[in-house]
Every structure is written in C-alpha cells, then in structure tokens.
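Asks: Quick one: the structure is below, and I'll ask about it shortly.
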Amino acid sequence: MVNNILHHGQSIRNHSLILNYKTMIKNFKWLLFASLAFVACDSEEEVTIDANSSDGKPLTSGTATVSKYVALGDSYAAGFSDNALFIAAQQGSYANIISQQFALTGGGEFKTPLMADNVGGLLLGGNVIQGVRLYFNGSAPVPVAGRPSTEVTTKLTGSFNNMGIPGAKSYHLVAPGYGNVAGVATGQANPYFVRFSSSASTTVLADAVVQDPTFFSLWIGGNDVLSYATSGGIGRNQTGNLNPATYGGNDITDPTVFASVYSNVVNAMTAKGAKGVVANLPYVTALPFFTTVPFNPLTAVVLGRGNVAVGTATIQGLNTQLYGPLKQALTAFGAGSRIELLSTTTANPLLIVDESLPNLSAQLTAAFTPTLGLQSATFYGQVFGQARQATREDLVVLTARAVIASAPTGVPAPLNVFGVTYPMQDLHVLTKAEVVEVKVATDAYNNTIKSIADAKGLAFVELKSVTDQLANGGIIYNNYRVTSAFVTGGMFSLDGVHPSPRGYAIIANLFTEAINVKFGANFKNKDVSLYRILYPASL
C-alpha cells in the first residue's frame, strides 16, 4: 500500500497521514521508515519520520539548548547501585541516559569521572574505605569477588559533565574543601569528589558553573533526610558528631538552610541563561530499605525455628516470665499499652526502643526489686524503661534483618535475643515519630523545589508521586509492572535505596518527558525492557 501511494501520488490529508503512520508503526520496523518522506498534496510539505523521537515527528530539543549539559546531584545522578559506584552503573545513570538523548539534537560530549573497575569500592592510600558492590546469589545479596582498585588519591584531570556526588547533601554543593583529600578521613570531604575536583578548595557548584552549561539537571536533597533515616533516626548529637562543619552528620538538614542553598545553586546555574530540569524528592521511607522487613515477624514457626510446637511453648514461656510481668508493671504506671502478650496463632511485633517515650526505668526498677533483687531489677529498668512493641507505623531498616533474634553483646541470658527479649535499638528502627520528622522536612524541601522551578521557568519532574505508586502496586512501563519490592520489583538495586539499571532508565524517561512538556522538545522514551533488573556477579 505504501509503495502504491508513493508511486501514484494519491492525495493524503494530514489526519490520514497520522493514522497511516500509527498503522505502519505497528506493522513495520522503524528502520524501514527512518528515511521515508510523505508528500501532502494540499500543502506540499515534506514530513519525515524520526525513529528517535516520541511520535515519529522530527527530533528536537525545542526551546532548550543542550549543546553543553551538566548534571548536578548526588548518588542517583552518579549512577550508584548495589551499594557501590562502578563503571557499568555510571554508564547507566539517568544523567548519562539523558545525555544520549541530547546527543541526537546537537548535545556535546558528556564526560563522567569513571571508576577504575566494575567491582566497586574505594581505596584511600591503599586501604579499603568503601566496599565492593553486591549481587544476588539466588538466596541473598552478597559482595562480588574482588578488591577495589579505585584509589581516591589518583586524581582525574579535566572537567566533568556528570557532577553527581554519592553522599552529597544540598549544602555540600557549595561547601569549600569538599574535594580536599585531607578531609576524607575526618568526614569533611567526599572521596568521590576528591577524585575529580579541580582543586582542594573548590566547590561542586563552582566546578559546574565554570563549564558554562547551556542546560543542567538538578536532583538534590535526598541525602538531607536519608542519612538520618537509614541510621534509624540517630542524629548528629547522638553520634557524638557535634562539629557543625563536619559533612558526615546524620541530622536532617534545616529546611531554611536547604531553601537558601537550593536557591543559590539554581541562581548560579541560570545566571548566563542556561535552562534546566529539576526534580522533587520522594519520601525515603517508601524505599525498600524501610519497607522490606516486617514490624511483626515473630510467629510460632519463627520462634520455634520451624517447629510450631516448640514455638508455641516458647511464646507461652515468654508471656509467663517476661511479657506478663512487664505488662502488669507498666499498666500500674499508666503505660500498659506499650506491651501486649504474645499470640501463639498470629504474627507478633518486635520489641523496640522508642526514645520519644517517657523513661520509666526508675519505676520498673522499683517494681521488680522485690522479686529480682536490686541488681537484676536495675538492669530490667534500664532495658525496658523506653521499650514497647513495634507497630505498622514503625519502619525496621533493611540492615536489621541480620540483627533480629541475634544476641546483643554483653547481655546475659535469657534476655539476650534482639527483638524478642531485648529491644531492637534506635539504629534498627525508624519510629513513627521519626518517620513524621522525615516527611515534614521532605515536604518543606519539595515546596522550595517547586516554587523555584516555577519562578525560574525550569522543567519539573514529579518523582514523589511515582515513588508512592511504586510502593502501592507499582507502575506499568513497556508492558512490565515495576514495583518497589526488594530484589524482585525491578526498580531498586540490592542496597534497597538506589535504582536498578531499569530503574535508572525509568527515571531518565521521566526527566525527558518533563523536558518535552516544558520546552516543546520531542525526545523519545527509552524502552526500559532493554535494561536489566539486576547486575550479575561478573561484568
């Protein structure tokens, strides 16, 4: 039919052209039509199908100039995956995928400060300071074989378009000395930035601006709450890190500080007329790192190590010897809801510490002294003074899986079972109060990002809602359902925080879609089915 039309010059109206294009797309490979032109007799205007665009129309960057693209951000921009940074992951970062799209409309070289291998990890003076990447061995994530070969002190020369810095918080982008090797050991510098910073005193922002980008992407702020969350809500003061100049603190960044820094970064990047795209932040609590381990894993089967009868007997013993007496004592002090007796037929919650609770150590010590003696009662008071059972509003961190039912150091039997007779500690659980802190800060950051994006005329990527969908049934992409399920969901890597190869491709598509909308560009989405879900042991 196509050849007949071309041969006889049959008249085709514009709306018929569109229908014919759609039919041909479904029935023929794009390659056959990449060079074909159809002539509309009423306008004599030539229309060329471009397989690289979203709809077959000419590929264009619209009103954006993408000849010099610089990506600012954190580990997501860098391509961090499976708990490490390595060459293959860097090449699959969302920033690198976007640059490939830009290259089709005049985008220039996009240089990335590549690691030395696909093993991952870092050396500082020959000593390992960051471990190798993970792979799934069929049962669990485990480290790949090998040793890191990327030495932090081996300096890369030249400027780099990908300015994604793993671990960077918003204010790190404007922190002098963040690339000074002398500050790595004390936490005042970032080893990834040390490798390619232009000088020891420069800032990430300065090294980005000096390149005179015509277009930039900015996705920053996740780490401003993430380190607090992944540490179970242990902030700077609780870790003993009281120096406000130290960059490795776990506290949540003040939203006012974030707003000031973010505004300064965007102002600097747009000062010479560059256009750009920014993205808001998901609730980090929706990541697999916080949603994989259940709050209530204690069943008769688990407590009996597969033997229901043994587990039932264990539960009955715990109720008689520990949970019952604790419940009775706490009830007398008006806090009986902290502890409920364990069930032999349903899943039971973990025992956790909640530092937001009134400390009843002295009261419990007094209550147990007559039966246990002063020394044991004092220990009970210290252990259970702020203990309670977890609820579904508490988030057990992924790394706590190995801790549940293990023995705390220095704790005597029979209380030496984490989560059962001894509370999971602060670093193991993000309590419901701490979850609220994370969400309040994230909402404030997102308000800043959106208002500045609107004021500066930047493309805006709504990533928070996408992450929410991933955690609630998933999204359909290229006929694949992608969710936030750990290992099997397809979106996230084996560290439970960073994207998988397919996840990065989806993020890149979301960025280019926003660019298409804002600047009238016509970039085509990547087929995410072409990107693997997980990296294999060997690359």
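Lettering and numbering for the structure tokens are positional, with chains as A, B, ... in the shown order, residues counted from 1 in each chain, and ligands counted from 1 in the shown order.
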Which neighbours of Asn280 of chain A fall inside 8 Å, counting only C-alpha atoms, when residues of the same chain fewer than 2 positions from it are skipped, and could you give them as a ChimeraX atom specification?
Replies: /A:219,278,282,445-446,449-450,460-464
Asks: Residues of the last selection are to be written out with C-alpha atoms, as a JSON list (two decimals), in the first residue's frame.
Replies:
[["chain", "number", "residue", "atom", "x", "y", "z"],
["A", 219, "TRP", "CA", 18.19, 16.47, 41.73],
["A", 278, "VAL", "CA", 14.76, 19.78, 38.45],
["A", 282, "PRO", "CA", 10.20, 11.08, 47.32],
["A", 445, "TYR", "CA", 12.16, 20.77, 50.59],
["A", 446, "ASN", "CA", 9.63, 19.95, 47.86],
["A", 449, "ILE", "CA", 11.98, 22.98, 44.72],
["A", 450, "LYS", "CA", 8.61, 23.55, 43.06],
["A", 460, "PHE", "CA", 9.83, 19.97, 36.82],
["A", 461, "VAL", "CA", 9.82, 16.21, 37.41],
["A", 462, "GLU", "CA", 7.21, 14.88, 39.84],
["A", 463, "LEU", "CA", 9.12, 11.92, 41.27],
["A", 464, "LYS", "CA", 7.49, 11.78, 44.68]]
Asks: For segment 508-511 of chain A, work out the shell of residues within 7 Å, counting only C-alpha atoms and skipping chain neighbours fewer than 2 positions away, then give it as a PyMOL selection string.
Replies: chain A and resi 94-95+97-98+461+504-506+513-515+525-526
Asks: Keeping only N, CA and C atoms, write those residues as a PDB file, in the first residue's frame.
Replies:
ATOM      1  N   TYR A  94      20.883   7.930  35.190  1.00  0.00           N
ATOM      2  CA  TYR A  94      19.853   8.677  34.474  1.00  0.00           C
ATOM      3  C   TYR A  94      20.454   9.868  33.733  1.00  0.00           C
ATOM      4  N   ALA A  95      21.496  10.474  34.318  1.00  0.00           N
ATOM      5  CA  ALA A  95      22.133  11.621  33.675  1.00  0.00           C
ATOM      6  C   ALA A  95      22.803  11.207  32.368  1.00  0.00           C
ATOM      7  N   ILE A  97      21.985   8.617  30.492  1.00  0.00           N
ATOM      8  CA  ILE A  97      20.936   8.272  29.527  1.00  0.00           C
ATOM      9  C   ILE A  97      20.341   9.536  28.906  1.00  0.00           C
ATOM     10  N   ILE A  98      20.126  10.555  29.723  1.00  0.00           N
ATOM     11  CA  ILE A  98      19.620  11.826  29.198  1.00  0.00           C
ATOM     12  C   ILE A  98      20.608  12.406  28.192  1.00  0.00           C
ATOM     13  N   VAL A 461      10.107  17.646  37.428  1.00  0.00           N
ATOM     14  CA  VAL A 461       9.818  16.214  37.414  1.00  0.00           C
ATOM     15  C   VAL A 461       9.152  15.826  38.732  1.00  0.00           C
ATOM     16  N   TYR A 504      16.912   3.278  36.678  1.00  0.00           N
ATOM     17  CA  TYR A 504      17.545   4.500  36.172  1.00  0.00           C
ATOM     18  C   TYR A 504      16.983   4.884  34.808  1.00  0.00           C
ATOM     19  N   ALA A 505      16.672   3.895  33.968  1.00  0.00           N
ATOM     20  CA  ALA A 505      16.097   4.190  32.649  1.00  0.00           C
ATOM     21  C   ALA A 505      14.722   4.838  32.800  1.00  0.00           C
ATOM     22  N   ILE A 506      13.935   4.352  33.762  1.00  0.00           N
ATOM     23  CA  ILE A 506      12.616   4.941  34.011  1.00  0.00           C
ATOM     24  C   ILE A 506      12.759   6.386  34.477  1.00  0.00           C
ATOM     25  N   GLU A 513      10.569  13.381  29.623  1.00  0.00           N
ATOM     26  CA  GLU A 513       9.161  13.728  29.446  1.00  0.00           C
ATOM     27  C   GLU A 513       8.885  15.139  29.959  1.00  0.00           C
ATOM     28  N   ALA A 514       9.458  15.481  31.098  1.00  0.00           N
ATOM     29  CA  ALA A 514       9.281  16.826  31.650  1.00  0.00           C
ATOM     30  C   ALA A 514       9.920  17.873  30.751  1.00  0.00           C
ATOM     31  N   ILE A 515      11.059  17.533  30.165  1.00  0.00           N
ATOM     32  CA  ILE A 515      11.732  18.446  29.239  1.00  0.00           C
ATOM     33  C   ILE A 515      10.884  18.646  27.988  1.00  0.00           C
ATOM     34  N   ASN A 525      11.157   8.229  24.667  1.00  0.00           N
ATOM     35  CA  ASN A 525      11.459   7.441  25.850  1.00  0.00           C
ATOM     36  C   ASN A 525      12.292   6.219  25.496  1.00  0.00           C
ATOM     37  N   LYS A 526      13.162   5.842  26.401  1.00  0.00           N
ATOM     38  CA  LYS A 526      13.916   4.607  26.261  1.00  0.00           C
ATOM     39  C   LYS A 526      13.005   3.412  26.544  1.00  0.00           C
TER      40      LYS A 526
END
Asks: Give the strand (DSSP E) residues of segment 333-415 of chain A, as DSSP finds them on the backbone, and put them as a list in words.
Replies: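 Those in segment 333-415 of chain A that DSSP calls strand (DSSP E) are Leu351, Ile352, Val353, Ala387, Arg388, Gln389, Leu395 and Val396 of chain A.
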Asks: Which distance in Å separates atom CA of Thr488 of chain A and atom CA of Thr230 of chain A, to one decimal?
Replies: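 These two atoms are separated by 21.2 Å.
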Asks: What separation in Å, quoted to one decimal, exists between atom CA of Ala402 of chain A and atom CA of Gly419 of chain A?
Replies: 11.4 Å
Asks: I'd like the contact shell of Ala347 of chain A - 6 Å cut-off, only C-alpha atoms, skipping same-chain residues fewer than 3 positions apart - returned as a ChimeraX atom specification.
Replies: /A:296,298-299
Asks: Hey, which of A:Asn267, A:Thr467, A:Gln90, A:Thr291 ends up closest to Tyr76 of chain A? Count only C-alpha atoms.
Replies: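 Ranked by minimum distance to Tyr76 of chain A, first place goes to A:Gln90.
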Asks: Give me, as a PyMOL selection string, all polymer residues having an atom no more than 10 Å from segment 364-376 of chain A, counting only C-alpha atoms and skipping those fewer than 2 positions away in the same chain.
Replies: chain A and resi 325-326+328-330+332-333+359-362+378-385
Asks: I'd like the neighbourhood of Ile315 of chain A as a VMD selection string, where a residue qualifies if any of its atoms comes within 12 Å (using only C-alpha atoms), though same-chain residues fewer than 2 positions away should be ignored.
Replies: chain A and resid 298 to 304 308 to 313 317 to 324 341 to 348 420 to 421
Asks: Go ahead and compute the interatomic distance for atom CA of Lys439 of chain A and atom CA of Phe216 of chain A, in Å to one decimal.
Replies: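 Atom CA of Phe216 of chain A lies 27.2 Å from atom CA of Lys439 of chain A.
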Asks: Give me every helix (DSSP H, G or I) residue in segment 322-533 of chain A, going by DSSP on the backbone, as a tab-separated table (two decimals) with N, CA and C atoms, in the first residue's frame.
Replies:
chain	number	residue	atom	x	y	z
A	322	LEU	N	8.23	-12.95	81.11
A	322	LEU	CA	8.68	-11.60	80.76
A	322	LEU	C	7.54	-10.67	80.38
A	323	TYR	N	6.78	-11.01	79.34
A	323	TYR	CA	5.77	-10.09	78.84
A	323	TYR	C	4.64	-9.85	79.84
A	324	GLY	N	4.23	-10.89	80.53
A	324	GLY	CA	3.17	-10.74	81.52
A	324	GLY	C	3.59	-9.83	82.66
A	325	PRO	N	4.74	-10.10	83.32
A	325	PRO	CA	5.18	-9.20	84.39
A	325	PRO	C	5.42	-7.76	83.91
A	326	LEU	N	5.98	-7.60	82.70
A	326	LEU	CA	6.21	-6.25	82.17
A	326	LEU	C	4.89	-5.53	81.95
A	327	LYS	N	3.94	-6.24	81.37
A	327	LYS	CA	2.62	-5.67	81.11
A	327	LYS	C	1.96	-5.22	82.42
A	328	GLN	N	2.07	-6.05	83.41
A	328	GLN	CA	1.45	-5.74	84.71
A	328	GLN	C	2.09	-4.49	85.33
A	329	ALA	N	3.44	-4.44	85.31
A	329	ALA	CA	4.14	-3.30	85.91
A	329	ALA	C	3.85	-2.01	85.15
A	330	LEU	N	3.90	-2.07	83.83
A	330	LEU	CA	3.66	-0.88	83.03
A	330	LEU	C	2.23	-0.38	83.17
A	331	THR	N	1.30	-1.30	83.31
A	331	THR	CA	-0.10	-0.91	83.50
A	331	THR	C	-0.26	-0.11	84.78
A	332	ALA	N	0.48	-0.50	85.80
A	332	ALA	CA	0.41	0.21	87.08
A	332	ALA	C	0.91	1.65	86.95
A	336	GLY	N	0.44	0.65	80.09
A	336	GLY	CA	0.21	-0.75	79.77
A	336	GLY	C	0.12	-1.04	78.29
A	337	SER	N	-0.19	-0.04	77.48
A	337	SER	CA	-0.32	-0.25	76.03
A	337	SER	C	1.02	-0.48	75.35
A	338	ARG	N	2.11	-0.27	76.06
A	338	ARG	CA	3.42	-0.47	75.44
A	338	ARG	C	3.66	-1.95	75.13
A	361	SER	N	12.42	3.83	83.72
A	361	SER	CA	13.44	2.94	84.27
A	361	SER	C	13.37	2.88	85.79
A	362	ALA	N	13.27	4.03	86.43
A	362	ALA	CA	13.25	4.04	87.90
A	362	ALA	C	12.03	3.32	88.43
A	363	GLN	N	10.88	3.53	87.81
A	363	GLN	CA	9.65	2.87	88.27
A	363	GLN	C	9.72	1.36	88.10
A	364	LEU	N	10.26	0.90	86.97
A	364	LEU	CA	10.37	-0.54	86.74
A	364	LEU	C	11.39	-1.17	87.69
A	365	THR	N	12.46	-0.45	87.94
A	365	THR	CA	13.47	-0.96	88.90
A	365	THR	C	12.84	-1.18	90.26
A	366	ALA	N	12.06	-0.20	90.70
A	366	ALA	CA	11.40	-0.33	92.00
A	366	ALA	C	10.40	-1.47	92.01
A	367	ALA	N	9.66	-1.64	90.89
A	367	ALA	CA	8.64	-2.68	90.83
A	367	ALA	C	9.23	-4.08	90.83
A	368	PHE	N	10.39	-4.27	90.21
A	368	PHE	CA	10.96	-5.62	90.09
A	368	PHE	C	11.97	-5.96	91.20
A	369	THR	N	12.37	-4.98	92.01
A	369	THR	CA	13.37	-5.25	93.04
A	369	THR	C	12.93	-6.33	94.03
A	370	PRO	N	11.67	-6.33	94.50
A	370	PRO	CA	11.28	-7.37	95.46
A	370	PRO	C	11.42	-8.81	94.93
A	371	THR	N	11.20	-9.02	93.65
A	371	THR	CA	11.25	-10.38	93.10
A	371	THR	C	12.59	-10.71	92.45
A	372	LEU	N	13.28	-9.71	91.91
A	372	LEU	CA	14.52	-9.99	91.18
A	372	LEU	C	15.77	-9.58	91.93
A	374	LEU	N	17.92	-6.08	93.61
A	374	LEU	CA	18.23	-4.74	93.11
A	374	LEU	C	19.05	-4.76	91.83
A	375	GLN	N	20.06	-5.63	91.73
A	375	GLN	CA	20.93	-5.63	90.56
A	375	GLN	C	20.17	-6.01	89.29
A	376	SER	N	19.42	-7.10	89.34
A	376	SER	CA	18.66	-7.55	88.16
A	376	SER	C	17.53	-6.58	87.85
A	377	ALA	N	16.89	-6.05	88.90
A	377	ALA	CA	15.79	-5.11	88.68
A	377	ALA	C	16.30	-3.83	88.03
A	378	THR	N	17.48	-3.37	88.44
A	378	THR	CA	18.07	-2.19	87.82
A	378	THR	C	18.33	-2.43	86.33
A	379	PHE	N	18.80	-3.62	86.01
A	379	PHE	CA	19.05	-3.97	84.61
A	379	PHE	C	17.74	-3.98	83.82
A	380	TYR	N	16.70	-4.57	84.40
A	380	TYR	CA	15.38	-4.57	83.77
A	380	TYR	C	14.90	-3.15	83.51
A	381	GLY	N	15.08	-2.30	84.49
A	381	GLY	CA	14.64	-0.92	84.34
A	381	GLY	C	15.36	-0.21	83.21
A	382	GLN	N	16.66	-0.44	83.11
A	382	GLN	CA	17.45	0.19	82.05
A	382	GLN	C	17.05	-0.32	80.67
A	383	VAL	N	16.79	-1.62	80.57
A	383	VAL	CA	16.49	-2.24	79.28
A	383	VAL	C	15.08	-1.88	78.80
A	384	PHE	N	14.11	-1.89	79.71
A	384	PHE	CA	12.71	-1.77	79.30
A	384	PHE	C	12.06	-0.43	79.64
A	398	LEU	N	16.45	-2.19	56.62
A	398	LEU	CA	16.84	-3.41	55.92
A	398	LEU	C	18.01	-4.12	56.60
A	399	THR	N	18.97	-3.35	57.09
A	399	THR	CA	20.16	-3.94	57.71
A	399	THR	C	19.86	-4.62	59.04
A	400	ALA	N	18.66	-4.38	59.60
A	400	ALA	CA	18.30	-5.00	60.87
A	400	ALA	C	17.89	-6.46	60.71
A	401	ARG	N	17.72	-6.93	59.47
A	401	ARG	CA	17.35	-8.33	59.27
A	401	ARG	C	18.33	-9.28	59.93
A	402	ALA	N	19.61	-8.94	59.84
A	402	ALA	CA	20.64	-9.82	60.41
A	402	ALA	C	20.73	-9.72	61.92
A	426	ASP	N	17.81	1.95	68.65
A	426	ASP	CA	17.42	3.10	67.83
A	426	ASP	C	17.89	2.98	66.40
A	427	LEU	N	19.11	2.48	66.19
A	427	LEU	CA	19.64	2.39	64.83
A	427	LEU	C	18.96	1.33	63.99
A	428	HIS	N	18.17	0.46	64.61
A	428	HIS	CA	17.49	-0.62	63.88
A	428	HIS	C	16.10	-0.24	63.39
A	432	LYS	N	7.67	5.78	64.47
A	432	LYS	CA	6.64	6.57	63.81
A	432	LYS	C	6.87	8.07	64.00
A	433	ALA	N	7.41	8.47	65.15
A	433	ALA	CA	7.70	9.89	65.36
A	433	ALA	C	8.83	10.36	64.44
A	434	GLU	N	9.82	9.50	64.24
A	434	GLU	CA	10.93	9.85	63.36
A	434	GLU	C	10.50	9.86	61.90
A	435	VAL	N	9.57	8.98	61.54
A	435	VAL	CA	9.02	8.98	60.19
A	435	VAL	C	8.36	10.32	59.89
A	436	VAL	N	7.64	10.83	60.86
A	436	VAL	CA	6.97	12.13	60.69
A	436	VAL	C	8.01	13.23	60.46
A	437	GLU	N	9.11	13.19	61.21
A	437	GLU	CA	10.16	14.20	61.03
A	437	GLU	C	10.68	14.19	59.60
A	438	VAL	N	10.92	12.98	59.07
A	438	VAL	CA	11.43	12.85	57.71
A	438	VAL	C	10.44	13.43	56.70
A	439	LYS	N	9.16	13.13	56.88
A	439	LYS	CA	8.15	13.58	55.92
A	439	LYS	C	7.94	15.09	55.99
A	440	VAL	N	7.97	15.65	57.17
A	440	VAL	CA	7.80	17.10	57.32
A	440	VAL	C	8.93	17.84	56.60
A	441	ALA	N	10.17	17.36	56.80
A	441	ALA	CA	11.31	18.01	56.15
A	441	ALA	C	11.22	17.85	54.63
A	442	THR	N	10.87	16.66	54.16
A	442	THR	CA	10.77	16.41	52.72
A	442	THR	C	9.71	17.31	52.09
A	443	ASP	N	8.58	17.46	52.74
A	443	ASP	CA	7.53	18.34	52.22
A	443	ASP	C	8.04	19.78	52.09
A	444	ALA	N	8.80	20.21	53.08
A	444	ALA	CA	9.34	21.58	53.03
A	444	ALA	C	10.33	21.72	51.88
A	445	TYR	N	11.22	20.72	51.70
A	445	TYR	CA	12.16	20.77	50.59
A	445	TYR	C	11.41	20.83	49.26
A	446	ASN	N	10.37	20.01	49.13
A	446	ASN	CA	9.63	19.95	47.86
A	446	ASN	C	8.91	21.25	47.55
A	447	ASN	N	8.43	21.91	48.57
A	447	ASN	CA	7.81	23.22	48.36
A	447	ASN	C	8.83	24.21	47.78
A	448	THR	N	10.03	24.15	48.31
A	448	THR	CA	11.10	25.01	47.81
A	448	THR	C	11.44	24.68	46.36
A	449	ILE	N	11.60	23.41	46.07
A	449	ILE	CA	11.98	22.98	44.72
A	449	ILE	C	10.94	23.43	43.69
A	450	LYS	N	9.67	23.20	44.01
A	450	LYS	CA	8.61	23.55	43.06
A	450	LYS	C	8.51	25.06	42.85
A	451	SER	N	8.60	25.82	43.92
A	451	SER	CA	8.47	27.28	43.79
A	451	SER	C	9.63	27.86	43.00
A	452	ILE	N	10.83	27.36	43.20
A	452	ILE	CA	11.98	27.87	42.46
A	452	ILE	C	11.92	27.42	41.01
A	453	ALA	N	11.48	26.19	40.77
A	453	ALA	CA	11.31	25.72	39.39
A	453	ALA	C	10.34	26.61	38.62
A	454	ASP	N	9.24	26.95	39.25
A	454	ASP	CA	8.23	27.80	38.61
A	454	ASP	C	8.79	29.20	38.36
A	455	ALA	N	9.48	29.73	39.35
A	455	ALA	CA	9.99	31.10	39.24
A	455	ALA	C	11.07	31.22	38.16
A	456	LYS	N	11.84	30.16	37.97
A	456	LYS	CA	12.95	30.20	37.02
A	456	LYS	C	12.60	29.59	35.66
A	463	LEU	N	8.64	13.27	40.95
A	463	LEU	CA	9.12	11.92	41.27
A	463	LEU	C	8.53	11.38	42.57
A	464	LYS	N	8.06	12.25	43.43
A	464	LYS	CA	7.49	11.78	44.68
A	464	LYS	C	6.27	10.90	44.43
A	465	SER	N	5.37	11.35	43.58
A	465	SER	CA	4.15	10.59	43.33
A	465	SER	C	4.46	9.26	42.66
A	466	VAL	N	5.49	9.23	41.81
A	466	VAL	CA	5.88	7.98	41.15
A	466	VAL	C	6.38	6.98	42.18
A	467	THR	N	7.18	7.44	43.11
A	467	THR	CA	7.69	6.55	44.16
A	467	THR	C	6.56	6.05	45.03
A	468	ASP	N	5.59	6.90	45.30
A	468	ASP	CA	4.42	6.46	46.06
A	468	ASP	C	3.69	5.34	45.32
A	469	GLN	N	3.55	5.49	44.00
A	469	GLN	CA	2.89	4.45	43.21
A	469	GLN	C	3.67	3.15	43.22
A	470	LEU	N	4.99	3.26	43.17
A	470	LEU	CA	5.83	2.06	43.18
A	470	LEU	C	5.61	1.24	44.45
A	501	PRO	N	19.39	-0.90	37.05
A	501	PRO	CA	19.55	-0.37	35.70
A	501	PRO	C	18.21	0.04	35.08
A	502	ARG	N	17.20	-0.79	35.24
A	502	ARG	CA	15.88	-0.45	34.69
A	502	ARG	C	15.29	0.75	35.41
A	503	GLY	N	15.51	0.83	36.71
A	503	GLY	CA	15.02	1.98	37.47
A	503	GLY	C	15.61	3.28	36.98
A	504	TYR	N	16.91	3.28	36.68
A	504	TYR	CA	17.54	4.50	36.17
A	504	TYR	C	16.98	4.88	34.81
A	505	ALA	N	16.67	3.90	33.97
A	505	ALA	CA	16.10	4.19	32.65
A	505	ALA	C	14.72	4.84	32.80
A	506	ILE	N	13.94	4.35	33.76
A	506	ILE	CA	12.62	4.94	34.01
A	506	ILE	C	12.76	6.39	34.48
A	507	ILE	N	13.71	6.62	35.38
A	507	ILE	CA	13.93	7.99	35.87
A	507	ILE	C	14.35	8.90	34.72
A	508	ALA	N	15.24	8.42	33.86
A	508	ALA	CA	15.67	9.22	32.71
A	508	ALA	C	14.48	9.58	31.83
A	509	ASN	N	13.58	8.61	31.64
A	509	ASN	CA	12.38	8.88	30.83
A	509	ASN	C	11.51	9.96	31.47
A	510	LEU	N	11.39	9.92	32.78
A	510	LEU	CA	10.58	10.92	33.47
A	510	LEU	C	11.19	12.31	33.30
A	511	PHE	N	12.51	12.38	33.31
A	511	PHE	CA	13.17	13.66	33.09
A	511	PHE	C	12.93	14.16	31.66
A	512	THR	N	13.12	13.30	30.67
A	512	THR	CA	12.96	13.76	29.29
A	512	THR	C	11.50	14.09	28.98
A	513	GLU	N	10.57	13.38	29.62
A	513	GLU	CA	9.16	13.73	29.45
A	513	GLU	C	8.88	15.14	29.96
A	514	ALA	N	9.46	15.48	31.10
A	514	ALA	CA	9.28	16.83	31.65
A	514	ALA	C	9.92	17.87	30.75
A	515	ILE	N	11.06	17.53	30.16
A	515	ILE	CA	11.73	18.45	29.24
A	515	ILE	C	10.88	18.65	27.99
A	516	ASN	N	10.30	17.56	27.49
A	516	ASN	CA	9.41	17.66	26.32
A	516	ASN	C	8.26	18.64	26.59
A	517	VAL	N	7.65	18.49	27.76
A	517	VAL	CA	6.49	19.32	28.10
A	517	VAL	C	6.87	20.78	28.25
A	518	LYS	N	7.95	21.05	28.98
A	518	LYS	CA	8.30	22.44	29.30
A	518	LYS	C	8.88	23.19	28.12
A	519	PHE	N	9.72	22.53	27.34
A	519	PHE	CA	10.47	23.24	26.31
A	519	PHE	C	10.04	22.87	24.88
A	528	VAL	N	12.45	0.52	28.45
A	528	VAL	CA	13.07	0.06	29.69
A	528	VAL	C	13.25	-1.45	29.74
A	529	SER	N	12.55	-2.19	28.87
A	529	SER	CA	12.72	-3.64	28.85
A	529	SER	C	14.11	-4.03	28.37
A	530	LEU	N	14.81	-3.09	27.75
A	530	LEU	CA	16.17	-3.36	27.28
A	530	LEU	C	17.20	-3.23	28.40
Asks: Find the residues around Arg147 of chain A up to 8 Å (only C-alpha atoms counted), leave out those fewer than 3 positions away in its own chain, and share them as a list in words.
Replies: Val119, Gly121 and Val132 of chain A
Asks: Please, could you write that set of residues out with all heavy atoms as a tab-separated table (two decimals), in the first residue's frame?
Replies:
chain	number	residue	atom	x	y	z
A	119	VAL	N	34.03	-3.59	39.99
A	119	VAL	CA	33.94	-4.23	41.30
A	119	VAL	C	33.30	-3.27	42.30
A	119	VAL	O	32.52	-3.67	43.15
A	119	VAL	CB	35.33	-4.67	41.79
A	119	VAL	CG1	35.27	-5.18	43.24
A	119	VAL	CG2	35.89	-5.76	40.88
A	121	GLY	N	33.72	0.15	45.07
A	121	GLY	CA	34.52	0.38	46.27
A	121	GLY	C	35.62	1.39	46.04
A	121	GLY	O	35.92	1.78	44.91
A	132	VAL	N	32.86	-3.31	48.08
A	132	VAL	CA	32.51	-3.66	46.71
A	132	VAL	C	31.00	-3.75	46.55
A	132	VAL	O	30.25	-3.76	47.53
A	132	VAL	CB	33.16	-5.00	46.31
A	132	VAL	CG1	34.68	-4.90	46.42
A	132	VAL	CG2	32.64	-6.16	47.16
Asks: Show which residues sit within 12 Å of Val209 of chain A, as an MDAnalysis selection string. Count only C-alpha atoms, and ignore same-chain residues fewer than 6 positions away.
Replies: chainID A and resid 68:72 159:161 163 173:174 202:203 215:216 264:274
Asks: Of the candidates A:Gln130, A:Ser67, A:Ser93, A:Asn118, which one gets nearest to Leu539 of chain A if we count only C-alpha atoms?
Replies: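 Answer, going by the shortest atom-to-atom distance: A:Asn118.
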Asks: Closest to Ser81 of chain A among A:Leu123, A:Leu134, A:Ala413, A:Leu104, using only C-alpha atoms?
Replies: A:Leu134
Asks: Would you mind telling me which residue in A:Gly520, A:Arg388, A:Gly490, A:Gly410 lies nearest to Arg532 of chain A when using only C-alpha atoms?
Replies: A:Gly490
